[in-house]
>>> print(open('start_30.txt').read())   # compact mmCIF, N, CA and C atoms
# COMPACT_ATOMS: atom_id res chain seq x y z
N MET J 1 3.95 -4.54 13.58
CA MET J 1 4.60 -4.42 12.29
C MET J 1 4.19 -3.07 11.70
N GLN J 2 5.12 -2.43 11.04
CA GLN J 2 4.84 -1.17 10.38
C GLN J 2 5.35 -1.22 8.96
N MET J 3 4.52 -0.78 8.02
CA MET J 3 4.91 -0.72 6.60
C MET J 3 4.78 0.72 6.14
N GLN J 4 5.72 1.15 5.32
CA GLN J 4 5.69 2.50 4.77
C GLN J 4 5.81 2.43 3.26
N SER J 5 4.93 3.12 2.56
CA SER J 5 4.98 3.18 1.10
C SER J 5 5.09 4.64 0.67
N ASP J 6 6.06 4.93 -0.18
CA ASP J 6 6.18 6.24 -0.79
C ASP J 6 5.73 6.12 -2.24
N PHE J 7 4.89 7.04 -2.70
CA PHE J 7 4.37 6.94 -4.06
C PHE J 7 4.40 8.31 -4.73
N SER J 8 4.40 8.29 -6.05
CA SER J 8 4.33 9.53 -6.82
C SER J 8 3.52 9.28 -8.09
N PHE J 9 2.97 10.34 -8.63
CA PHE J 9 2.17 10.22 -9.85
C PHE J 9 2.32 11.51 -10.64
N GLN J 10 2.06 11.42 -11.92
CA GLN J 10 2.15 12.59 -12.78
C GLN J 10 1.04 12.57 -13.81
N SER J 11 0.74 13.73 -14.33
CA SER J 11 -0.34 13.82 -15.32
C SER J 11 0.06 13.14 -16.62
N ASP J 12 -0.94 12.76 -17.37
CA ASP J 12 -0.72 12.19 -18.70
C ASP J 12 -0.52 13.37 -19.65
N PRO J 13 0.71 13.58 -20.17
CA PRO J 13 0.96 14.78 -20.98
C PRO J 13 0.17 14.81 -22.28
N VAL J 14 -0.22 13.66 -22.79
CA VAL J 14 -0.98 13.63 -24.04
C VAL J 14 -2.43 14.01 -23.77
N GLY J 15 -3.01 13.48 -22.72
CA GLY J 15 -4.36 13.84 -22.32
C GLY J 15 -5.42 13.48 -23.34
N CYS J 16 -6.46 14.27 -23.36
CA CYS J 16 -7.63 14.03 -24.20
C CYS J 16 -7.36 14.40 -25.65
N ASN J 17 -7.41 13.46 -26.53
CA ASN J 17 -7.20 13.65 -27.97
C ASN J 17 -5.88 14.36 -28.29
N GLY J 18 -4.87 14.17 -27.44
CA GLY J 18 -3.56 14.74 -27.69
C GLY J 18 -3.50 16.25 -27.53
N ARG J 19 -4.50 16.86 -26.88
CA ARG J 19 -4.54 18.32 -26.81
C ARG J 19 -4.22 18.87 -25.42
N LEU J 20 -4.84 18.34 -24.39
CA LEU J 20 -4.70 18.91 -23.06
C LEU J 20 -4.17 17.85 -22.08
N PRO J 21 -3.25 18.24 -21.22
CA PRO J 21 -2.80 17.28 -20.20
C PRO J 21 -3.97 16.86 -19.32
N MET J 22 -3.91 15.66 -18.82
CA MET J 22 -4.99 15.12 -18.02
C MET J 22 -4.42 14.55 -16.73
N GLY J 23 -5.04 14.83 -15.59
CA GLY J 23 -4.60 14.28 -14.32
C GLY J 23 -3.83 15.29 -13.50
N TYR J 24 -3.09 14.80 -12.50
CA TYR J 24 -2.40 15.64 -11.54
C TYR J 24 -0.98 15.15 -11.34
N ASP J 25 -0.10 16.06 -10.92
CA ASP J 25 1.24 15.71 -10.47
C ASP J 25 1.22 15.70 -8.95
N GLY J 26 1.95 14.80 -8.35
CA GLY J 26 2.01 14.79 -6.89
C GLY J 26 2.79 13.61 -6.36
N LYS J 27 2.89 13.56 -5.06
CA LYS J 27 3.54 12.44 -4.39
C LYS J 27 2.98 12.34 -2.98
N GLY J 28 3.23 11.21 -2.35
CA GLY J 28 2.71 11.03 -1.01
C GLY J 28 3.35 9.87 -0.30
N GLN J 29 2.79 9.55 0.85
CA GLN J 29 3.32 8.49 1.69
C GLN J 29 2.17 7.84 2.45
N GLU J 30 2.24 6.53 2.59
CA GLU J 30 1.25 5.81 3.39
C GLU J 30 2.00 5.00 4.44
N ILE J 31 1.55 5.11 5.68
CA ILE J 31 2.14 4.35 6.78
C ILE J 31 1.04 3.50 7.39
N MET J 32 1.30 2.21 7.49
CA MET J 32 0.33 1.28 8.06
C MET J 32 0.97 0.58 9.25
N SER J 33 0.32 0.65 10.40
CA SER J 33 0.80 -0.01 11.61
C SER J 33 -0.20 -1.08 12.01
N MET J 34 0.31 -2.27 12.32
CA MET J 34 -0.57 -3.38 12.68
C MET J 34 -0.02 -4.09 13.92
N SER J 35 -0.90 -4.70 14.67
CA SER J 35 -0.47 -5.50 15.81
C SER J 35 -1.43 -6.67 15.99
N SER J 36 -0.95 -7.69 16.69
CA SER J 36 -1.72 -8.90 16.93
C SER J 36 -1.59 -9.25 18.40
N PRO J 37 -2.64 -9.82 19.02
CA PRO J 37 -2.56 -10.15 20.45
C PRO J 37 -1.50 -11.20 20.78
N LYS J 38 -1.16 -12.06 19.84
CA LYS J 38 -0.08 -13.01 20.08
C LYS J 38 0.84 -13.03 18.86
N PRO J 39 2.12 -13.27 19.05
CA PRO J 39 3.06 -13.21 17.93
C PRO J 39 2.71 -14.22 16.83
N VAL J 40 2.80 -13.77 15.59
CA VAL J 40 2.53 -14.61 14.43
C VAL J 40 3.59 -14.28 13.39
N LEU J 41 4.22 -15.29 12.81
CA LEU J 41 5.20 -15.08 11.76
C LEU J 41 4.46 -14.83 10.45
N VAL J 42 4.71 -13.67 9.83
CA VAL J 42 4.01 -13.29 8.60
C VAL J 42 5.01 -12.87 7.53
N GLN J 43 4.52 -12.80 6.30
CA GLN J 43 5.30 -12.23 5.21
C GLN J 43 4.43 -11.22 4.48
N THR J 44 5.06 -10.17 3.96
CA THR J 44 4.36 -9.15 3.21
C THR J 44 4.55 -9.42 1.73
N VAL J 45 3.44 -9.37 0.98
CA VAL J 45 3.47 -9.67 -0.44
C VAL J 45 3.20 -8.38 -1.21
N TYR J 46 4.12 -8.02 -2.10
CA TYR J 46 3.97 -6.85 -2.95
C TYR J 46 3.84 -7.32 -4.39
N GLN J 47 2.78 -6.84 -5.07
CA GLN J 47 2.59 -7.14 -6.49
C GLN J 47 2.25 -5.85 -7.21
N LYS J 48 2.77 -5.68 -8.40
CA LYS J 48 2.52 -4.46 -9.16
C LYS J 48 1.03 -4.30 -9.43
N GLY J 49 0.51 -3.12 -9.10
CA GLY J 49 -0.89 -2.83 -9.37
C GLY J 49 -1.87 -3.32 -8.31
N ILE J 50 -1.36 -3.99 -7.27
CA ILE J 50 -2.23 -4.52 -6.21
C ILE J 50 -1.70 -4.03 -4.87
N ASP J 51 -2.60 -3.71 -3.95
CA ASP J 51 -2.18 -3.26 -2.62
C ASP J 51 -1.37 -4.34 -1.92
N PRO J 52 -0.39 -3.95 -1.09
CA PRO J 52 0.37 -4.95 -0.34
C PRO J 52 -0.54 -5.78 0.56
N THR J 53 -0.22 -7.04 0.73
CA THR J 53 -0.99 -7.92 1.60
C THR J 53 -0.05 -8.59 2.59
N VAL J 54 -0.60 -9.05 3.68
CA VAL J 54 0.15 -9.76 4.71
C VAL J 54 -0.45 -11.14 4.84
N MET J 55 0.38 -12.19 4.85
CA MET J 55 -0.14 -13.54 5.04
C MET J 55 0.72 -14.30 6.04
N ARG J 56 0.11 -15.27 6.69
CA ARG J 56 0.83 -16.08 7.67
C ARG J 56 1.83 -16.99 6.97
N LYS J 57 2.99 -17.15 7.58
CA LYS J 57 4.00 -18.05 7.02
C LYS J 57 3.60 -19.51 7.20
N ASP J 58 2.80 -19.82 8.22
CA ASP J 58 2.38 -21.22 8.43
C ASP J 58 1.14 -21.57 7.61
N LEU J 59 0.65 -20.63 6.80
CA LEU J 59 -0.47 -20.82 5.85
C LEU J 59 -1.80 -21.15 6.51
N LYS J 60 -1.97 -20.88 7.80
CA LYS J 60 -3.29 -21.02 8.42
C LYS J 60 -4.17 -19.91 7.84
N PRO J 61 -5.48 -20.14 7.78
CA PRO J 61 -6.34 -19.24 7.02
C PRO J 61 -6.54 -17.83 7.59
N ALA J 62 -6.40 -17.63 8.90
CA ALA J 62 -6.74 -16.31 9.43
C ALA J 62 -6.03 -16.05 10.75
N PHE J 63 -5.98 -14.79 11.13
CA PHE J 63 -5.50 -14.39 12.45
C PHE J 63 -6.06 -13.02 12.75
N SER J 64 -6.25 -12.73 14.04
CA SER J 64 -6.81 -11.43 14.39
C SER J 64 -5.71 -10.37 14.31
N ILE J 65 -6.10 -9.20 13.85
CA ILE J 65 -5.14 -8.12 13.68
C ILE J 65 -5.86 -6.79 13.86
N ALA J 66 -5.18 -5.82 14.39
CA ALA J 66 -5.74 -4.48 14.53
C ALA J 66 -4.70 -3.49 14.05
N GLY J 67 -5.15 -2.35 13.56
CA GLY J 67 -4.18 -1.38 13.10
C GLY J 67 -4.81 -0.14 12.53
N LYS J 68 -3.94 0.72 12.02
CA LYS J 68 -4.41 1.96 11.41
C LYS J 68 -3.55 2.27 10.20
N SER J 69 -4.11 3.05 9.30
CA SER J 69 -3.40 3.46 8.10
C SER J 69 -3.49 4.97 8.01
N ARG J 70 -2.38 5.60 7.66
CA ARG J 70 -2.35 7.05 7.50
C ARG J 70 -1.75 7.37 6.13
N ARG J 71 -2.46 8.13 5.33
CA ARG J 71 -1.99 8.48 3.98
C ARG J 71 -1.92 10.01 3.87
N THR J 72 -0.80 10.51 3.40
CA THR J 72 -0.64 11.93 3.16
C THR J 72 -0.20 12.12 1.71
N ALA J 73 -0.63 13.19 1.10
CA ALA J 73 -0.24 13.44 -0.30
C ALA J 73 -0.33 14.92 -0.57
N GLY J 74 0.33 15.32 -1.63
CA GLY J 74 0.29 16.72 -2.03
C GLY J 74 0.47 16.85 -3.51
>>> encode(input="start_30.txt", output="structure tokens")
Amino acid sequence: MQMQSDFSFQSDPVGCNGRLPMGYDGKGQEIMSMSSPKPVLVQTVYQKGIDPTVMRKDLKPAFSIAGKSRRTAG
């Protein structure tokens, strides 16, 4: 399974005491690839403010998984 997330962020124009902008402008991408030794039916859960999670559709508590994540930004 492979998941791709594109994200962007911008500075807070008001900043500190309404005087100076605070933070950075930018955007990026994260690609996560995962595999399992035997096929498992899963669903991906996305919630605002929380990293995406993967859970089994049959609701068993665990399964072995291996993978890598690559994040690029500018």
>>> residues_around(input="start_30.txt", residues="Arg71 in chain J", least_positions_apart="2", cutoff="7 Å", atoms="only C-alpha atoms", output="list in words")
Gln29, Glu30, Ile31, Ser69 and Ala73 of chain J
>>> atom_distance(input="start_30.txt", atom1="CA of Gln4 in chain J", atom2="atom C of Pro21 in chain J")
29.7 Å
>>> residues_near_point(input="start_30.txt", point="(5.0, -14.2, 11.6)", cutoff="10 Å", atoms="only C-alpha atoms", output="ChimeraX atom specification")
/J:1,38-44,54-58
>>> atom_distance(input="start_30.txt", atom1="atom C of Ser11 in chain J", atom2="atom N of Lys27 in chain J")
11.9 Å
>>> select_by_dssp(input="start_30.txt", residues="chain J", states="strand (DSSP E)", output="PyMOL selection string")
chain J and resi 2-9+12-16+20-22+26-35+42-47+50-56+66-73
>>> atom_distance(input="start_30.txt", atom1="CA of Thr53 in chain J", atom2="CA of Gly23 in chain J")
27.6 Å
>>> closest_atom_pairs(input="start_30.txt", of="range 6-51 of chain J", to="range 61-68 of chain J", cutoff="5 Å", atoms="only N, CA and C atoms", output="CSV")
residue,atom,partner,partner_atom,distance
J:Met32,CA,J:Lys68,C,4.5
J:Ser33,C,J:Gly67,CA,4.1
J:Met34,CA,J:Gly67,CA,4.1
J:Ser35,N,J:Ala66,C,4.0
J:Ser36,CA,J:Ile65,CA,4.8
>>> build_atoms(input="start_30.txt", residues="range 35-51 of chain J", atoms="N, CA, C and O atoms", output="PDB file, keeping the file's coordinate frame")
ATOM      1  N   SER J  35      -0.900  -4.700  14.670  1.00  0.00           N
ATOM      2  CA  SER J  35      -0.470  -5.500  15.810  1.00  0.00           C
ATOM      3  C   SER J  35      -1.430  -6.670  15.990  1.00  0.00           C
ATOM      4  O   SER J  35      -2.558  -6.662  15.505  1.00  0.00           O
ATOM      5  N   SER J  36      -0.950  -7.690  16.690  1.00  0.00           N
ATOM      6  CA  SER J  36      -1.720  -8.900  16.930  1.00  0.00           C
ATOM      7  C   SER J  36      -1.590  -9.250  18.400  1.00  0.00           C
ATOM      8  O   SER J  36      -0.536  -9.020  19.002  1.00  0.00           O
ATOM      9  N   PRO J  37      -2.640  -9.820  19.020  1.00  0.00           N
ATOM     10  CA  PRO J  37      -2.560 -10.150  20.450  1.00  0.00           C
ATOM     11  C   PRO J  37      -1.500 -11.200  20.780  1.00  0.00           C
ATOM     12  O   PRO J  37      -0.973 -11.226  21.869  1.00  0.00           O
ATOM     13  N   LYS J  38      -1.160 -12.060  19.840  1.00  0.00           N
ATOM     14  CA  LYS J  38      -0.080 -13.010  20.080  1.00  0.00           C
ATOM     15  C   LYS J  38       0.840 -13.030  18.860  1.00  0.00           C
ATOM     16  O   LYS J  38       0.383 -12.786  17.736  1.00  0.00           O
ATOM     17  N   PRO J  39       2.120 -13.270  19.050  1.00  0.00           N
ATOM     18  CA  PRO J  39       3.060 -13.210  17.930  1.00  0.00           C
ATOM     19  C   PRO J  39       2.710 -14.220  16.830  1.00  0.00           C
ATOM     20  O   PRO J  39       2.379 -15.367  17.103  1.00  0.00           O
ATOM     21  N   VAL J  40       2.800 -13.770  15.590  1.00  0.00           N
ATOM     22  CA  VAL J  40       2.530 -14.610  14.430  1.00  0.00           C
ATOM     23  C   VAL J  40       3.590 -14.280  13.390  1.00  0.00           C
ATOM     24  O   VAL J  40       3.861 -13.113  13.116  1.00  0.00           O
ATOM     25  N   LEU J  41       4.220 -15.290  12.810  1.00  0.00           N
ATOM     26  CA  LEU J  41       5.200 -15.080  11.760  1.00  0.00           C
ATOM     27  C   LEU J  41       4.460 -14.830  10.450  1.00  0.00           C
ATOM     28  O   LEU J  41       3.657 -15.653  10.006  1.00  0.00           O
ATOM     29  N   VAL J  42       4.710 -13.670   9.830  1.00  0.00           N
ATOM     30  CA  VAL J  42       4.010 -13.290   8.600  1.00  0.00           C
ATOM     31  C   VAL J  42       5.010 -12.870   7.530  1.00  0.00           C
ATOM     32  O   VAL J  42       6.171 -12.618   7.811  1.00  0.00           O
ATOM     33  N   GLN J  43       4.520 -12.800   6.300  1.00  0.00           N
ATOM     34  CA  GLN J  43       5.300 -12.230   5.210  1.00  0.00           C
ATOM     35  C   GLN J  43       4.430 -11.220   4.480  1.00  0.00           C
ATOM     36  O   GLN J  43       3.216 -11.373   4.407  1.00  0.00           O
ATOM     37  N   THR J  44       5.060 -10.170   3.960  1.00  0.00           N
ATOM     38  CA  THR J  44       4.360  -9.150   3.210  1.00  0.00           C
ATOM     39  C   THR J  44       4.550  -9.420   1.730  1.00  0.00           C
ATOM     40  O   THR J  44       5.655  -9.690   1.283  1.00  0.00           O
ATOM     41  N   VAL J  45       3.440  -9.370   0.980  1.00  0.00           N
ATOM     42  CA  VAL J  45       3.470  -9.670  -0.440  1.00  0.00           C
ATOM     43  C   VAL J  45       3.200  -8.380  -1.210  1.00  0.00           C
ATOM     44  O   VAL J  45       2.181  -7.719  -0.990  1.00  0.00           O
ATOM     45  N   TYR J  46       4.120  -8.020  -2.100  1.00  0.00           N
ATOM     46  CA  TYR J  46       3.970  -6.850  -2.950  1.00  0.00           C
ATOM     47  C   TYR J  46       3.840  -7.320  -4.390  1.00  0.00           C
ATOM     48  O   TYR J  46       4.657  -8.078  -4.877  1.00  0.00           O
ATOM     49  N   GLN J  47       2.780  -6.840  -5.070  1.00  0.00           N
ATOM     50  CA  GLN J  47       2.590  -7.140  -6.490  1.00  0.00           C
ATOM     51  C   GLN J  47       2.250  -5.850  -7.210  1.00  0.00           C
ATOM     52  O   GLN J  47       1.509  -5.017  -6.683  1.00  0.00           O
ATOM     53  N   LYS J  48       2.770  -5.680  -8.400  1.00  0.00           N
ATOM     54  CA  LYS J  48       2.520  -4.460  -9.160  1.00  0.00           C
ATOM     55  C   LYS J  48       1.030  -4.300  -9.430  1.00  0.00           C
ATOM     56  O   LYS J  48       0.379  -5.226  -9.877  1.00  0.00           O
ATOM     57  N   GLY J  49       0.510  -3.120  -9.100  1.00  0.00           N
ATOM     58  CA  GLY J  49      -0.890  -2.830  -9.370  1.00  0.00           C
ATOM     59  C   GLY J  49      -1.870  -3.320  -8.310  1.00  0.00           C
ATOM     60  O   GLY J  49      -3.056  -3.116  -8.431  1.00  0.00           O
ATOM     61  N   ILE J  50      -1.360  -3.990  -7.270  1.00  0.00           N
ATOM     62  CA  ILE J  50      -2.230  -4.520  -6.210  1.00  0.00           C
ATOM     63  C   ILE J  50      -1.700  -4.030  -4.870  1.00  0.00           C
ATOM     64  O   ILE J  50      -0.492  -3.930  -4.664  1.00  0.00           O
ATOM     65  N   ASP J  51      -2.600  -3.710  -3.950  1.00  0.00           N
ATOM     66  CA  ASP J  51      -2.180  -3.260  -2.620  1.00  0.00           C
ATOM     67  C   ASP J  51      -1.370  -4.340  -1.920  1.00  0.00           C
ATOM     68  O   ASP J  51      -1.631  -5.534  -2.102  1.00  0.00           O
TER      69      ASP J  51
END
